Amino acid sequence: MTLKDCRDHYLYYSGKTSDIVRQLGFAGIALVWVFKTDKTGSQAIPPELLCPTILIVLGLGLDFVHYVVGSLVWAAYNRHKELSGTLDTAQFLAPRSINWPTNAFFWAKIIVMLAAYVLIFKALAGRAW
């Protein structure tokens with residue numbers, strides 16, 4: 001196994017995780033939509049699903065920001081390397097801290113989505129009994 005193999009595994013699993021978080025977000029919104037109530041002609045989210053809905057929307061927002069921040073950080077670093085005269089074929093190591101912002105958003109969206117689903121399961125379990 002090489003370092004490239006490790007990176008490839010990381011990229012595969014982190015990419016899949018992001019895909020699943022996004023799908024969970026859309027599925028959560030659909031689930032809330034199924035349980036919405038109609039009161040006097042206006043639609044309302046059940047109170048026990050309001051917090052999970054906010055968390056899901058926050059999680060999807062974090063997913064978006066995760067990729068926006070990643071593209072901005074890497075574009076800025078690329079431009080920095082270009083301006084410093086680095087050739088396209090040059091080998092170099094990026095600073096370890098360059099991925100800290102994207103890692104923070106990556107883990108934040110996972111945690112927020114997990115919290116949303118814990119609350120959804122809790123709300124649905126309350127309805128089942």
# chains A, B, ... in the order shown; residues from 1 in each chain; ligands from 1
$ residues_around --residues "Val112 (chain A)" --least-positions-apart "5" --cutoff "10 Å" --atoms "only C-alpha atoms" --output "list in words"
Val21, Pro52, Ile54, Leu55, Ile56, Val57, Leu58, Gly59, Leu60, Leu62, Trp107, Tyr117 and Val118 of chain A
$ closest_residue --among "A:Ala27, A:Leu72, A:Cys51, A:Val34" --to "Leu119 (chain A)" --atoms "only C-alpha atoms"
A:Cys51
$ closest_residue --among "A:Leu124, A:Leu50, A:Ile98, A:Ala30" --to "Ser71 (chain A)" --atoms "only C-alpha atoms"
A:Ile98
$ closest_residue --among "A:Phe106, A:Trp74, A:Leu114, A:Thr40" --to "Ala94 (chain A)" --atoms "only C-alpha atoms"
A:Trp74
$ residues_around --residues "Glu48 (chain A)" --least-positions-apart "4" --cutoff "12 Å" --atoms "only C-alpha atoms" --output "PyMOL selection string"
chain A and resi 32+35-37+44+52-54+116+118-127
$ write_last_selection --atoms "N, CA and C atoms" --output "CSV table (one decimal), in the first residue's frame"
chain,number,residue,atom,x,y,z
A,32,VAL,N,-40.5,14.8,7.1
A,32,VAL,CA,-41.2,15.9,7.8
A,32,VAL,C,-42.4,16.3,6.9
A,35,PHE,N,-45.4,14.1,7.6
A,35,PHE,CA,-46.0,14.3,8.9
A,35,PHE,C,-46.5,15.7,9.1
A,36,LYS,N,-46.4,16.6,8.1
A,36,LYS,CA,-46.9,17.9,8.3
A,36,LYS,C,-48.4,17.9,8.5
A,37,THR,N,-48.9,18.9,9.2
A,37,THR,CA,-50.3,19.0,9.5
A,37,THR,C,-50.9,20.2,8.9
A,44,ALA,N,-48.2,23.2,8.6
A,44,ALA,CA,-47.3,23.4,9.7
A,44,ALA,C,-46.5,22.1,10.0
A,52,PRO,N,-35.6,18.9,14.5
A,52,PRO,CA,-34.9,18.1,13.5
A,52,PRO,C,-34.9,18.7,12.1
A,53,THR,N,-36.0,19.4,11.7
A,53,THR,CA,-36.0,20.1,10.4
A,53,THR,C,-35.0,21.2,10.3
A,54,ILE,N,-34.9,22.0,11.3
A,54,ILE,CA,-33.8,23.0,11.3
A,54,ILE,C,-32.5,22.4,11.2
A,116,ALA,N,-30.1,15.4,14.1
A,116,ALA,CA,-31.4,15.5,13.5
A,116,ALA,C,-32.1,14.1,13.5
A,118,VAL,N,-31.5,11.5,15.3
A,118,VAL,CA,-31.8,11.0,16.7
A,118,VAL,C,-33.1,11.6,17.1
A,119,LEU,N,-33.3,12.9,16.9
A,119,LEU,CA,-34.5,13.6,17.2
A,119,LEU,C,-35.7,13.1,16.4
A,120,ILE,N,-35.5,12.8,15.2
A,120,ILE,CA,-36.6,12.2,14.3
A,120,ILE,C,-37.0,10.9,14.9
A,121,PHE,N,-36.0,10.0,15.2
A,121,PHE,CA,-36.4,8.7,15.7
A,121,PHE,C,-37.1,8.8,17.1
A,122,LYS,N,-36.6,9.7,17.9
A,122,LYS,CA,-37.3,10.0,19.2
A,122,LYS,C,-38.7,10.4,19.0
A,123,ALA,N,-39.0,11.3,18.0
A,123,ALA,CA,-40.3,11.8,17.7
A,123,ALA,C,-41.2,10.7,17.2
A,124,LEU,N,-40.6,9.9,16.3
A,124,LEU,CA,-41.4,8.8,15.7
A,124,LEU,C,-41.7,7.7,16.7
A,125,ALA,N,-40.8,7.5,17.6
A,125,ALA,CA,-41.0,6.5,18.6
A,125,ALA,C,-42.1,7.0,19.6
A,126,GLY,N,-42.1,8.3,19.8
A,126,GLY,CA,-43.2,8.8,20.7
A,126,GLY,C,-44.6,8.7,20.0
A,127,ARG,N,-44.6,8.7,18.7
A,127,ARG,CA,-45.9,8.6,18.0
A,127,ARG,C,-46.3,7.1,18.0
